[in-house]
file input23.tsv (TSV, C-alpha atoms)
chain	number	residue	atom	x	y	z
A	30	GLU	CA	86.65	119.43	128.81
A	31	ALA	CA	89.49	117.45	127.23
A	32	LEU	CA	88.69	114.23	125.38
A	33	ASP	CA	90.58	111.05	124.62
A	34	SER	CA	89.83	109.27	121.37
A	35	ARG	CA	90.79	105.75	120.41
A	36	PRO	CA	90.30	104.35	116.90
A	37	ILE	CA	88.37	101.08	117.02
A	38	LEU	CA	86.92	100.32	113.57
A	39	LEU	CA	87.30	101.17	109.89
A	40	GLU	CA	84.22	101.78	107.77
A	41	ARG	CA	84.65	101.36	104.01
A	42	LEU	CA	83.28	104.06	101.72
A	43	TYR	CA	81.19	103.49	98.60
A	44	PHE	CA	80.16	105.49	95.55
A	45	MET	CA	76.39	105.82	95.17
A	46	GLY	CA	74.85	107.19	92.01
A	47	ALA	CA	72.23	106.68	89.35
A	48	PHE	CA	72.32	103.12	88.05
A	49	ASP	CA	74.26	103.09	84.77
A	50	GLY	CA	74.32	99.33	84.19
A	51	ARG	CA	77.76	98.91	85.76
A	52	THR	CA	78.35	97.06	89.02
A	53	GLY	CA	81.36	96.13	91.10
A	54	PRO	CA	84.21	98.32	92.28
A	55	ILE	CA	84.76	101.82	90.91
A	56	GLU	CA	88.09	103.63	90.87
A	57	LEU	CA	88.19	106.88	92.80
A	58	GLN	CA	89.19	108.72	89.61
A	59	GLU	CA	86.10	107.45	87.79
A	60	ALA	CA	83.84	108.44	90.69
A	61	LEU	CA	85.34	111.93	90.71
A	62	ASP	CA	85.01	112.36	86.94
A	63	ARG	CA	81.28	112.90	87.43
A	64	PRO	CA	79.44	115.50	89.49
A	65	ILE	CA	79.75	114.52	93.12
A	66	ALA	CA	78.18	115.76	96.36
A	67	LEU	CA	80.56	115.77	99.32
A	68	PRO	CA	80.18	116.93	102.91
A	69	LYS	CA	81.81	120.22	103.88
A	70	GLY	CA	84.86	120.81	106.02
A	71	ARG	CA	86.10	118.37	108.61
A	72	ASP	CA	83.51	115.65	108.01
A	73	SER	CA	85.09	112.17	108.22
A	74	VAL	CA	83.87	111.18	104.74
A	75	ARG	CA	85.23	114.40	103.25
A	76	ARG	CA	88.59	113.91	104.99
A	77	ALA	CA	88.85	110.36	103.60
A	78	VAL	CA	88.05	111.58	100.06
A	79	ASP	CA	90.51	114.48	100.34
A	80	GLU	CA	93.25	112.12	101.56
A	81	GLY	CA	92.56	109.71	98.67
A	82	VAL	CA	92.64	112.59	96.18
A	83	LEU	CA	95.94	113.80	97.61
A	84	ARG	CA	97.52	110.29	97.65
A	85	GLN	CA	96.57	109.67	94.02
A	86	GLY	CA	97.33	113.17	92.75
A	87	LEU	CA	93.72	113.57	91.59
A	88	ALA	CA	91.52	116.66	91.40
A	89	LEU	CA	87.99	117.35	92.59
A	90	LYS	CA	86.36	118.67	89.42
A	91	SER	CA	82.63	119.05	89.84
A	92	THR	CA	81.94	119.04	93.56
A	93	MET	CA	78.84	120.20	95.40
A	94	GLU	CA	79.36	120.78	99.10
A	95	ILE	CA	76.47	119.59	101.22
A	96	ASN	CA	75.61	119.55	104.92
A	97	SER	CA	74.24	116.01	105.26
A	98	LEU	CA	74.47	112.58	103.70
A	99	GLU	CA	70.69	112.68	103.26
A	100	THR	CA	71.08	115.68	100.96
A	101	ALA	CA	73.75	113.78	99.02
A	102	LYS	CA	71.37	110.84	98.64
A	103	ASP	CA	68.61	113.18	97.43
A	104	LEU	CA	70.95	114.57	94.77
A	105	ALA	CA	71.85	111.03	93.67
A	106	VAL	CA	68.17	110.03	93.44
A	107	ALA	CA	67.48	113.12	91.32
A	108	GLY	CA	70.39	112.19	89.02
A	109	ILE	CA	72.17	115.47	89.77
A	110	ALA	CA	75.29	114.09	91.48
A	111	GLY	CA	76.74	110.92	92.92
A	112	CYS	CA	77.98	110.74	96.48
A	113	ILE	CA	80.47	108.91	98.65
A	114	LEU	CA	79.23	107.38	101.87
A	115	PRO	CA	79.49	104.37	104.16
A	116	LEU	CA	77.38	101.30	103.40
A	117	GLY	CA	75.29	101.78	106.53
A	118	SER	CA	74.08	105.13	105.23
A	119	ALA	CA	72.66	103.59	102.06
A	120	PRO	CA	70.54	100.54	102.95
A	121	ASP	CA	67.86	101.77	100.55
A	122	ALA	CA	70.13	102.37	97.50
A	123	ALA	CA	68.65	99.58	95.36
A	124	SER	CA	65.04	100.49	96.14
A	125	LEU	CA	65.85	104.08	95.14
A	126	GLY	CA	67.22	102.90	91.77
A	127	LEU	CA	70.81	103.70	92.71
A	128	SER	CA	73.97	101.68	92.37
A	129	LEU	CA	76.31	101.26	95.30
A	130	ARG	CA	79.90	100.41	94.38
A	131	PRO	CA	82.99	100.01	96.59
A	132	ILE	CA	85.67	102.58	95.82
A	133	VAL	CA	89.10	101.24	94.85
A	134	SER	CA	92.41	102.71	93.68
A	135	PRO	CA	92.60	103.71	96.45
A	136	ALA	CA	90.02	102.07	98.66
A	137	LEU	CA	88.57	104.71	100.97
A	138	SER	CA	87.52	104.23	104.57
A	139	ARG	CA	86.85	106.36	107.60
A	140	THR	CA	87.92	105.62	111.15
A	141	ILE	CA	85.35	105.13	113.89
A	142	TYR	CA	86.59	106.34	117.26
A	143	LEU	CA	85.62	105.65	120.84
A	144	VAL	CA	85.64	109.06	122.55
A	145	ARG	CA	85.68	109.58	126.30
A	146	ARG	CA	86.45	112.34	128.76
A	147	GLN	CA	90.16	112.51	129.40
A	148	GLY	CA	91.03	110.58	132.55
A	149	HIS	CA	87.71	108.71	132.61
A	150	ILE	CA	88.10	105.18	133.86
A	151	PRO	CA	85.46	103.02	132.16
A	152	THR	CA	83.36	100.71	134.27
A	153	GLU	CA	83.19	96.99	133.51
A	154	ALA	CA	79.67	97.56	132.10
A	155	GLU	CA	80.99	100.25	129.71
A	156	GLN	CA	83.81	97.97	128.58
A	157	ARG	CA	81.35	95.10	127.95
A	158	LEU	CA	79.08	97.44	125.99
A	159	VAL	CA	81.94	98.61	123.76
A	160	ARG	CA	83.10	94.99	123.19
A	161	THR	CA	79.52	93.88	122.39
A	162	MET	CA	78.89	96.76	119.99
A	163	THR	CA	82.23	96.22	118.24
A	164	ALA	CA	81.69	92.46	117.95
A	165	THR	CA	78.15	93.02	116.63
A	166	LEU	CA	79.34	95.44	113.95
A	167	LEU	CA	82.19	93.13	112.94
A	168	GLY	CA	79.83	90.14	112.89
A	169	LEU	CA	77.19	91.60	110.58
A	170	PRO	CA	76.28	89.08	107.89
A	171	GLY	CA	77.42	89.67	104.32
A	172	GLU	CA	79.40	92.71	103.25
A	173	SER	CA	79.12	95.27	106.03
A	174	GLY	CA	82.06	97.47	105.11
A	175	ILE	CA	83.24	97.34	108.75
A	176	SER	CA	86.65	95.99	109.75
A	177	PRO	CA	88.89	96.20	112.82
A	178	TYR	CA	91.08	99.30	113.01
A	179	GLU	CA	94.71	98.58	112.28
A	180	PRO	CA	97.10	101.48	112.73
A	181	PRO	CA	99.36	102.42	109.82
A	182	VAL	CA	102.89	101.05	110.13
A	183	GLY	CA	104.79	103.00	112.78
A	184	VAL	CA	101.68	104.54	114.37
A	185	SER	CA	100.36	103.58	117.79
A	186	ALA	CA	96.67	102.64	118.00
A	187	ASP	CA	96.38	104.85	121.10
A	188	THR	CA	96.99	108.07	119.19
A	189	GLY	CA	93.98	109.57	117.62
call {"tool": "encode", "arguments": {"input": "input23.tsv", "output": "C-alpha cells"}}
result
Amino acid sequence: EALDSRPILLERLYFMGAFDGRTGPIELQEALDRPIALPKGRDSVRRAVDEGVLRQGLALKSTMEINSLETAKDLAVAGIAGCILPLGSAPDAASLGLSLRPIVSPALSRTIYLVRRQGHIPTEAEQRLVRTMTATLLGLPGESGISPYEPPVGVSADTG
C-alpha cells in the first residue's frame, strides 16, 4: 500500500559519551574523532550523521554499527564508544555518568514525519490529535531539541 509522508518536526541530535569534564556544544569533527556507535543503514540518525559528514568533508574513522540506540547507550556507559542520538532517547544520561552535548558545525537533526496511507482523508479527530501532539512536543519546558520543520530553500514542505 502506498504511503504519503509529510515532515512536521525537526529533532536535534546530541553526542553522548563518558563524562570527560567538558560541557556545552561539540563539533561533529570532535565527536567523530573518538570511537562512535552509529545505527546501521537507513536509520534516520545515521542518515543525518552521514549527511553532516558529507557536507563537512569529514570521515567516519572508528565506527561501530549497531542495531538499536539502547545498544549505543550501553557502549557509552561501558566507555567503549560515544553515540549520537536525540535528546528524548537519553533522559537518563546524567544518572548514567554520561555527558550529553549538542552537536554543532554542523548542527545535526532528523526529520519527524507524519505518515498516512496515500489518499487517506484524515478525520477532524485525527487532525486535532496531530495538532495536540505537535503542540505538546514543541511546548516541552526547557531544551527539548524539538522545533517546527522548515523546508530547505526551494523545497516544498509537502515532499517527503
call {"tool": "residues_around", "arguments": {"input": "input23.tsv", "residues": "Ala101 (chain A)", "least_positions_apart": "4", "cutoff": "7 Å", "atoms": "only C-alpha atoms", "output": "count of residues only"}}
result
5
call {"tool": "residues_near_point", "arguments": {"input": "input23.tsv", "point": "(77.6, 101.5, 104.3)", "cutoff": "8 Å", "atoms": "all atoms listed in the file", "output": "compact mmCIF listing (two decimals) with C-alpha atoms, keeping the file's coordinate frame"}}
result
# COMPACT_ATOMS: atom_id res chain seq x y z
CA GLU A 40 84.22 101.78 107.77
CA ARG A 41 84.65 101.36 104.01
CA LEU A 42 83.28 104.06 101.72
CA TYR A 43 81.19 103.49 98.60
CA LEU A 114 79.23 107.38 101.87
CA PRO A 115 79.49 104.37 104.16
CA LEU A 116 77.38 101.30 103.40
CA GLY A 117 75.29 101.78 106.53
CA SER A 118 74.08 105.13 105.23
CA ALA A 119 72.66 103.59 102.06
CA PRO A 120 70.54 100.54 102.95
CA SER A 173 79.12 95.27 106.03
CA GLY A 174 82.06 97.47 105.11
call {"tool": "axis_aligned_box", "arguments": {"input": "input23.tsv", "around": "region 148-166 of chain A", "padding_each_side": "3 Å", "output": "lines of an AutoDock Vina configuration file"}}
result
center_x = 84.6
center_y = 101.5
center_z = 124.1
size_x = 18.9
size_y = 24.1
size_z = 26.3
call {"tool": "closest_residue", "arguments": {"input": "input23.tsv", "among": "A:Leu143, A:Leu127, A:Val74, A:Ala47", "to": "Met162 (chain A)", "atoms": "only C-alpha atoms"}}
result
A:Leu143
call {"tool": "residues_around", "arguments": {"input": "input23.tsv", "residues": "Pro177 (chain A)", "least_positions_apart": "2", "cutoff": "8 Å", "atoms": "only C-alpha atoms", "output": "list in words"}}
result
Ile37, Leu38, Leu39, Leu167, Ile175 and Glu179 of chain A
call {"tool": "residues_near_point", "arguments": {"input": "input23.tsv", "point": "(88.6, 103.0, 116.3)", "cutoff": "12 Å", "atoms": "all atoms listed in the file", "output": "list in words"}}
result
Asp33, Ser34, Arg35, Pro36, Ile37, Leu38, Leu39, Glu40, Ser138, Arg139, Thr140, Ile141, Tyr142, Leu143, Val144, Val159, Arg160, Thr163, Ile175, Ser176, Pro177, Tyr178, Glu179, Pro180, Ser185, Ala186, Asp187, Thr188 and Gly189 of chain A
call {"tool": "atom_distance", "arguments": {"input": "input23.tsv", "atom1": "CA of Ile109 (chain A)", "atom2": "CA of Leu87 (chain A)"}}
result
21.7 Å
call {"tool": "closest_residue", "arguments": {"input": "input23.tsv", "among": "A:Arg71, A:Ile113, A:Ile65, A:Arg76", "to": "Lys90 (chain A)", "atoms": "all atoms listed in the file"}}
result
A:Ile65
call {"tool": "atom_distance", "arguments": {"input": "input23.tsv", "atom1": "CA of Pro68 (chain A)", "atom2": "CA of Asp103 (chain A)"}}
result
13.3 Å
call {"tool": "atom_distance", "arguments": {"input": "input23.tsv", "atom1": "CA of Glu155 (chain A)", "atom2": "CA of Ser73 (chain A)"}}
result
24.9 Å
call {"tool": "residues_around", "arguments": {"input": "input23.tsv", "residues": "Ile132 (chain A)", "least_positions_apart": "4", "cutoff": "6 Å", "atoms": "all atoms listed in the file", "output": "PyMOL selection string"}}
result
chain A and resi 43+54-57+136
call {"tool": "closest_residue", "arguments": {"input": "input23.tsv", "among": "A:Arg75, A:Arg157, A:Arg63, A:Arg145", "to": "Gly108 (chain A)", "atoms": "all atoms listed in the file"}}
result
A:Arg63
call {"tool": "residues_around", "arguments": {"input": "input23.tsv", "residues": "Ala88 (chain A)", "least_positions_apart": "5", "cutoff": "12 Å", "atoms": "all atoms listed in the file", "output": "list in words"}}
result
Leu57, Gln58, Glu59, Ala60, Leu61, Asp62, Arg63, Val78, Asp79, Glu80, Gly81, Val82 and Leu83 of chain A
